[in-house]
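The next block is model-v4.pdb, given as PDB, N, CA and C atoms and all ligand atoms.
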ATOM      1  N   MET A 149       0.823  -1.195   0.000
ATOM      2  CA  MET A 149       0.000   0.000   0.000
ATOM      3  C   MET A 149       0.861   1.250   0.000
ATOM      4  N   GLY A 150       0.437   2.247  -0.713
ATOM      5  CA  GLY A 150       1.191   3.491  -0.774
ATOM      6  C   GLY A 150       0.966   4.358   0.441
ATOM      7  N   GLN A 151       1.418   5.538   0.345
ATOM      8  CA  GLN A 151       1.245   6.458   1.461
ATOM      9  C   GLN A 151      -0.182   6.982   1.478
ATOM     10  N   GLN A 152      -0.627   7.303   2.672
ATOM     11  CA  GLN A 152      -1.962   7.852   2.811
ATOM     12  C   GLN A 152      -1.864   9.147   3.604
ATOM     13  N   GLN A 153      -2.556  10.147   3.117
ATOM     14  CA  GLN A 153      -2.551  11.425   3.812
ATOM     15  C   GLN A 153      -3.573  11.380   4.929
ATOM     16  N   VAL A 154      -3.160  11.689   6.126
ATOM     17  CA  VAL A 154      -4.108  11.683   7.238
ATOM     18  C   VAL A 154      -4.152  13.048   7.916
ATOM     19  N   THR A 155      -5.277  13.295   8.526
ATOM     20  CA  THR A 155      -5.468  14.528   9.276
ATOM     21  C   THR A 155      -5.727  14.150  10.716
ATOM     22  N   GLN A 156      -5.087  14.871  11.620
ATOM     23  CA  GLN A 156      -5.343  14.623  13.034
ATOM     24  C   GLN A 156      -6.477  15.526  13.481
ATOM     25  N   ILE A 157      -7.449  14.924  14.113
ATOM     26  CA  ILE A 157      -8.541  15.739  14.642
ATOM     27  C   ILE A 157      -8.600  15.582  16.156
ATOM     28  N   THR A 158      -9.012  16.630  16.824
ATOM     29  CA  THR A 158      -9.253  16.582  18.260
ATOM     30  C   THR A 158     -10.734  16.803  18.458
ATOM     31  N   CYS A 159     -11.362  15.867  19.111
ATOM     32  CA  CYS A 159     -12.806  15.948  19.313
ATOM     33  C   CYS A 159     -13.153  17.186  20.136
ATOM     34  N   ASP A 160     -14.097  17.984  19.648
ATOM     35  CA  ASP A 160     -14.514  19.190  20.347
ATOM     36  C   ASP A 160     -15.314  18.861  21.610
ATOM     37  N   ARG A 161     -15.750  17.643  21.728
ATOM     38  CA  ARG A 161     -16.605  17.298  22.852
ATOM     39  C   ARG A 161     -15.816  16.609  23.966
ATOM     40  N   CYS A 162     -15.040  15.573  23.611
ATOM     41  CA  CYS A 162     -14.339  14.820  24.654
ATOM     42  C   CYS A 162     -12.822  14.943  24.552
ATOM     43  N   LYS A 163     -12.351  15.704  23.580
ATOM     44  CA  LYS A 163     -10.928  15.998  23.415
ATOM     45  C   LYS A 163     -10.079  14.786  23.011
ATOM     46  N   ARG A 164     -10.738  13.715  22.566
ATOM     47  CA  ARG A 164      -9.995  12.566  22.079
ATOM     48  C   ARG A 164      -9.332  12.918  20.750
ATOM     49  N   VAL A 165      -8.154  12.362  20.551
ATOM     50  CA  VAL A 165      -7.439  12.636  19.303
ATOM     51  C   VAL A 165      -7.538  11.423  18.392
ATOM     52  N   GLU A 166      -7.927  11.668  17.158
ATOM     53  CA  GLU A 166      -8.032  10.585  16.177
ATOM     54  C   GLU A 166      -7.360  11.002  14.888
ATOM     55  N   HIS A 167      -6.988  10.010  14.116
ATOM     56  CA  HIS A 167      -6.438  10.286  12.794
ATOM     57  C   HIS A 167      -7.415   9.797  11.741
ATOM     58  N   ARG A 168      -7.662  10.639  10.781
ATOM     59  CA  ARG A 168      -8.579  10.283   9.705
ATOM     60  C   ARG A 168      -7.851  10.420   8.379
ATOM     61  N   SER A 169      -8.131   9.501   7.484
ATOM     62  CA  SER A 169      -7.617   9.708   6.134
ATOM     63  C   SER A 169      -8.493  10.772   5.490
ATOM     64  N   LEU A 170      -7.958  11.483   4.558
ATOM     65  CA  LEU A 170      -8.712  12.592   3.966
ATOM     66  C   LEU A 170     -10.014  12.119   3.348
ATOM     67  N   SER A 171     -10.017  10.886   2.827
ATOM     68  CA  SER A 171     -11.234  10.383   2.200
ATOM     69  C   SER A 171     -12.317  10.099   3.234
ATOM     70  N   GLU A 172     -11.912   9.950   4.498
ATOM     71  CA  GLU A 172     -12.890   9.680   5.552
ATOM     72  C   GLU A 172     -13.568  10.943   6.067
ATOM     73  N   LEU A 173     -12.962  12.079   5.830
ATOM     74  CA  LEU A 173     -13.555  13.320   6.299
ATOM     75  C   LEU A 173     -14.847  13.574   5.538
ATOM     76  N   ARG A 174     -15.810  14.102   6.243
ATOM     77  CA  ARG A 174     -17.114  14.320   5.607
ATOM     78  C   ARG A 174     -16.976  15.300   4.465
ATOM     79  N   ALA A 175     -16.237  16.311   4.653
ATOM     80  CA  ALA A 175     -15.953  17.259   3.575
ATOM     81  C   ALA A 175     -14.487  17.629   3.713
ATOM     82  N   ALA A 176     -13.714  17.160   2.811
ATOM     83  CA  ALA A 176     -12.286  17.430   2.881
ATOM     84  C   ALA A 176     -12.036  18.933   2.771
ATOM     85  N   PRO A 177     -11.234  19.461   3.685
ATOM     86  CA  PRO A 177     -10.980  20.900   3.645
ATOM     87  C   PRO A 177     -10.141  21.287   2.431
ATOM     88  N   LYS A 178     -10.506  22.361   1.821
ATOM     89  CA  LYS A 178      -9.723  22.871   0.700
ATOM     90  C   LYS A 178      -8.989  24.114   1.172
ATOM     91  N   ALA A 179      -7.909  24.421   0.493
ATOM     92  CA  ALA A 179      -7.141  25.605   0.859
ATOM     93  C   ALA A 179      -8.034  26.836   0.787
ATOM     94  N   GLY A 180      -8.009  27.649   1.828
ATOM     95  CA  GLY A 180      -8.807  28.877   1.826
ATOM     96  C   GLY A 180     -10.233  28.673   2.317
ATOM     97  N   ASP A 181     -10.600  27.430   2.597
ATOM     98  CA  ASP A 181     -11.933  27.158   3.125
ATOM     99  C   ASP A 181     -12.060  27.717   4.538
ATOM    100  N   LYS A 182     -13.279  28.125   4.869
ATOM    101  CA  LYS A 182     -13.543  28.453   6.268
ATOM    102  C   LYS A 182     -13.615  27.134   7.026
ATOM    103  N   SER A 183     -13.591  27.225   8.335
ATOM    104  CA  SER A 183     -13.683  26.016   9.147
ATOM    105  C   SER A 183     -14.927  25.229   8.765
ATOM    106  N   HIS A 184     -14.782  23.942   8.719
ATOM    107  CA  HIS A 184     -15.925  23.090   8.423
ATOM    108  C   HIS A 184     -16.466  22.546   9.740
ATOM    109  N   TYR A 185     -17.733  22.793   9.982
ATOM    110  CA  TYR A 185     -18.325  22.327  11.218
ATOM    111  C   TYR A 185     -19.166  21.088  10.977
ATOM    112  N   VAL A 186     -18.985  20.104  11.853
ATOM    113  CA  VAL A 186     -19.858  18.943  11.802
ATOM    114  C   VAL A 186     -21.264  19.386  12.175
ATOM    115  N   PHE A 187     -21.323  20.293  13.156
ATOM    116  CA  PHE A 187     -22.614  20.828  13.577
ATOM    117  C   PHE A 187     -22.451  22.250  14.082
ATOM    118  N   MET A 188     -23.367  23.103  13.722
ATOM    119  CA  MET A 188     -23.464  24.401  14.372
ATOM    120  C   MET A 188     -24.923  24.805  14.386
ATOM    121  N   GLY A 189     -25.348  25.368  15.498
ATOM    122  CA  GLY A 189     -26.749  25.736  15.577
ATOM    123  C   GLY A 189     -27.031  26.616  16.777
ATOM    124  N   THR A 190     -28.154  27.316  16.702
ATOM    125  CA  THR A 190     -28.581  28.143  17.823
ATOM    126  C   THR A 190     -29.988  27.738  18.214
ATOM    127  N   TYR A 191     -30.269  27.825  19.478
ATOM    128  CA  TYR A 191     -31.609  27.571  19.962
ATOM    129  C   TYR A 191     -31.847  28.437  21.186
ATOM    130  N   LYS A 192     -32.829  29.313  21.115
ATOM    131  CA  LYS A 192     -33.158  30.211  22.224
ATOM    132  C   LYS A 192     -31.927  30.906  22.789
ATOM    133  N   GLY A 193     -31.117  31.384  21.909
ATOM    134  CA  GLY A 193     -29.953  32.148  22.351
ATOM    135  C   GLY A 193     -28.734  31.311  22.689
ATOM    136  N   ASP A 194     -28.912  30.005  22.824
ATOM    137  CA  ASP A 194     -27.752  29.136  23.051
ATOM    138  C   ASP A 194     -27.105  28.823  21.719
ATOM    139  N   TYR A 195     -25.819  28.824  21.720
ATOM    140  CA  TYR A 195     -25.110  28.545  20.488
ATOM    141  C   TYR A 195     -24.190  27.346  20.710
ATOM    142  N   ALA A 196     -24.187  26.430  19.775
ATOM    143  CA  ALA A 196     -23.311  25.268  19.889
ATOM    144  C   ALA A 196     -22.635  25.011  18.557
ATOM    145  N   GLU A 197     -21.386  24.685  18.614
ATOM    146  CA  GLU A 197     -20.695  24.298  17.390
ATOM    147  C   GLU A 197     -19.672  23.219  17.706
ATOM    148  N   PHE A 198     -19.568  22.270  16.801
ATOM    149  CA  PHE A 198     -18.561  21.230  16.900
ATOM    150  C   PHE A 198     -17.875  21.133  15.561
ATOM    151  N   GLU A 199     -16.615  21.434  15.559
ATOM    152  CA  GLU A 199     -15.883  21.395  14.302
ATOM    153  C   GLU A 199     -15.490  19.968  13.971
ATOM    154  N   ASP A 200     -15.035  19.250  14.977
ATOM    155  CA  ASP A 200     -14.653  17.855  14.777
ATOM    156  C   ASP A 200     -15.174  17.015  15.925
ATOM    157  N   LEU A 201     -15.640  15.833  15.592
ATOM    158  CA  LEU A 201     -16.091  14.901  16.617
ATOM    159  C   LEU A 201     -15.430  13.559  16.374
ATOM    160  N   CYS A 202     -15.039  12.888  17.450
ATOM    161  CA  CYS A 202     -14.436  11.569  17.307
ATOM    162  C   CYS A 202     -15.532  10.570  16.914
ATOM    163  N   THR A 203     -15.124   9.375  16.567
ATOM    164  CA  THR A 203     -16.080   8.372  16.109
ATOM    165  C   THR A 203     -17.182   8.121  17.137
ATOM    166  N   GLY A 204     -16.793   8.035  18.408
ATOM    167  CA  GLY A 204     -17.760   7.761  19.466
ATOM    168  C   GLY A 204     -18.781   8.878  19.612
ATOM    169  N   CYS A 205     -18.287  10.115  19.676
ATOM    170  CA  CYS A 205     -19.188  11.261  19.837
ATOM    171  C   CYS A 205     -20.067  11.438  18.607
ATOM    172  N   LEU A 206     -19.510  11.145  17.457
ATOM    173  CA  LEU A 206     -20.277  11.298  16.221
ATOM    174  C   LEU A 206     -21.457  10.334  16.202
ATOM    175  N   SER A 207     -21.244   9.125  16.701
ATOM    176  CA  SER A 207     -22.345   8.160  16.674
ATOM    177  C   SER A 207     -23.400   8.533  17.713
ATOM    178  N   ILE A 208     -22.974   9.110  18.859
ATOM    179  CA  ILE A 208     -23.938   9.614  19.844
ATOM    180  C   ILE A 208     -24.744  10.741  19.220
ATOM    181  N   PHE A 209     -24.043  11.627  18.532
ATOM    182  CA  PHE A 209     -24.684  12.774  17.909
ATOM    183  C   PHE A 209     -25.668  12.322  16.827
ATOM    184  N   ASP A 210     -25.251  11.329  16.034
ATOM    185  CA  ASP A 210     -26.127  10.775  14.994
ATOM    186  C   ASP A 210     -27.458  10.337  15.588
ATOM    187  N   ASN A 211     -27.376   9.609  16.709
ATOM    188  CA  ASN A 211     -28.592   9.090  17.332
ATOM    189  C   ASN A 211     -29.483  10.212  17.856
ATOM    190  N   HIS A 212     -28.864  11.191  18.533
ATOM    191  CA  HIS A 212     -29.642  12.318  19.058
ATOM    192  C   HIS A 212     -30.300  13.096  17.927
ATOM    193  N   TRP A 213     -29.528  13.325  16.888
ATOM    194  CA  TRP A 213     -30.044  14.108  15.766
ATOM    195  C   TRP A 213     -31.226  13.406  15.111
ATOM    196  N   ARG A 214     -31.090  12.091  14.920
ATOM    197  CA  ARG A 214     -32.158  11.310  14.298
ATOM    198  C   ARG A 214     -33.416  11.373  15.147
ATOM    199  N   GLU A 215     -33.258  11.190  16.464
ATOM    200  CA  GLU A 215     -34.403  11.223  17.369
ATOM    201  C   GLU A 215     -35.061  12.601  17.353
ATOM    202  N   MET A 216     -34.232  13.635  17.434
ATOM    203  CA  MET A 216     -34.738  14.992  17.527
ATOM    204  C   MET A 216     -35.492  15.386  16.260
ATOM    205  N   THR A 217     -34.930  15.138  15.119
ATOM    206  CA  THR A 217     -35.575  15.553  13.876
ATOM    207  C   THR A 217     -36.819  14.704  13.615
ATOM    208  N   LYS A 218     -36.786  13.438  14.019
ATOM    209  CA  LYS A 218     -37.945  12.572  13.835
ATOM    210  C   LYS A 218     -39.132  13.110  14.631
ATOM    211  N   VAL A 219     -38.878  13.441  15.898
ATOM    212  CA  VAL A 219     -39.938  13.949  16.765
ATOM    213  C   VAL A 219     -40.444  15.292  16.267
ATOM    214  N   LEU A 220     -39.536  16.158  15.877
ATOM    215  CA  LEU A 220     -39.948  17.487  15.418
ATOM    216  C   LEU A 220     -40.792  17.413  14.155
ATOM    217  N   GLN A 221     -40.426  16.546  13.243
ATOM    218  CA  GLN A 221     -41.168  16.453  12.000
ATOM    219  C   GLN A 221     -42.546  15.850  12.222
ATOM    220  N   LYS A 222     -42.603  14.911  13.151
ATOM    221  CA  LYS A 222     -43.870  14.251  13.429
ATOM    222  C   LYS A 222     -44.880  15.232  14.012
ATOM    223  N   SER A 223     -44.409  16.143  14.867
ATOM    224  CA  SER A 223     -45.333  17.045  15.548
ATOM    225  C   SER A 223     -45.406  18.414  14.885
ATOM    226  N   SER A 224     -44.950  18.492  13.655
ATOM    227  CA  SER A 224     -45.009  19.775  12.958
ATOM    228  C   SER A 224     -46.446  20.189  12.708
ATOM    229  N   PRO A 225     -46.823  21.426  13.088
ATOM    230  CA  PRO A 225     -48.196  21.895  12.869
ATOM    231  C   PRO A 225     -48.559  21.979  11.394
ATOM    232  N   ILE A 226     -47.578  22.186  10.557
ATOM    233  CA  ILE A 226     -47.851  22.278   9.122
ATOM    234  C   ILE A 226     -48.343  20.926   8.589
ATOM    235  N   ARG A 227     -47.697  19.878   9.065
ATOM    236  CA  ARG A 227     -48.105  18.551   8.601
ATOM    237  C   ARG A 227     -49.470  18.152   9.132
ATOM    238  N   ARG A 228     -49.757  18.600  10.371
ATOM    239  CA  ARG A 228     -51.001  18.190  11.004
ATOM    240  C   ARG A 228     -52.222  18.722  10.273
ATOM    241  N   LYS A 229     -52.094  19.866   9.619
ATOM    242  CA  LYS A 229     -53.217  20.481   8.922
ATOM    243  C   LYS A 229     -53.740  19.646   7.753
ATOM    244  N   LYS A 230     -52.857  18.833   7.189
ATOM    245  CA  LYS A 230     -53.243  18.096   5.989
ATOM    246  C   LYS A 230     -54.328  17.066   6.281
TER     247      LYS A 230
HETATM  248 ZN    ZN B   1     -15.404  12.694  21.291
END

Let me see the structure of the file written as structure tokens.
Ligand SMILES: [Zn+2]
Amino acid sequence: MGQQQVTQITCDRCKRVEHRSLSELRAAPKAGDKSHYVFMGTYKGDYAEFEDLCTGCLSIFDNHWREMTKVLQKSSPIRRKK
């Protein structure tokens, strides 16, 4: 196998350090790109952003996100009118 370019990431949540190959990154950073966030959002004045998440935190986040969006879509008043 040839050489592989890897990027070191530090999890914004638990500070774990992982190495990812560039192909594994969700969106490979390009020169001059602004920071790429896995998640950023505001809710009632609270602001949260995670630039990088380790594999463990990402899977926790995946589950929370799926649950949250599922519940929100189900109880949407727009859908209920139909
Ligand atoms: Zn983590």

*asked:* ligand ZN 1 (chain B): which residues are within 8 Å, counting only N, CA and C atoms and all ligand atoms? Reply as a PyMOL selection string.
replied: chain A and resi 158-165+200-206

*Find the residues near A:Met188: any atom within 7 Å, counting only C-alpha atoms, skip ones fewer than 6 places away on the same chain, and give them as a list of chain:residue names.*
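My reading of the contact set: A:Ala196, A:Glu197, A:Phe198.
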
*Work out how far atom N of A:Asp210 is from atom C of A:Arg168, in Å to one decimal.*
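Answer for the atom C of A:Arg168 to atom N of A:Asp210 separation: 19.0 Å.
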
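Nearest residue to A:Ser169, choosing from A:Ile208, A:Val186, A:Val154, A:Met216 and counting only N, CA and C atoms: A:Val154.
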
*Go ahead and compute the interatomic distance for atom C of A:Phe187 and atom N of A:Gln153, in Å to one decimal.*
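Result for atom C of A:Phe187 versus atom N of A:Gln153: 25.7 Å, one decimal.
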
*Record the distance separating atom CA of A:Glu199 and atom CA of A:Gln151, expressed in Å with one decimal.*
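Spanning atom CA of A:Glu199 to atom CA of A:Gln151 is a straight-line distance of 26.1 Å.
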
As lines of an AutoDock Vina configuration file, please report the centre and edge lengths, rounded to one decimal in Å, of the axis-aligned box that holds all listed atoms of stretch 150-156 of chain A with 3 Å of padding on each of the six sides.
center_x = -2.5
center_y = 8.9
center_z = 6.4
size_x = 13.9
size_y = 19.3
size_z = 20.3
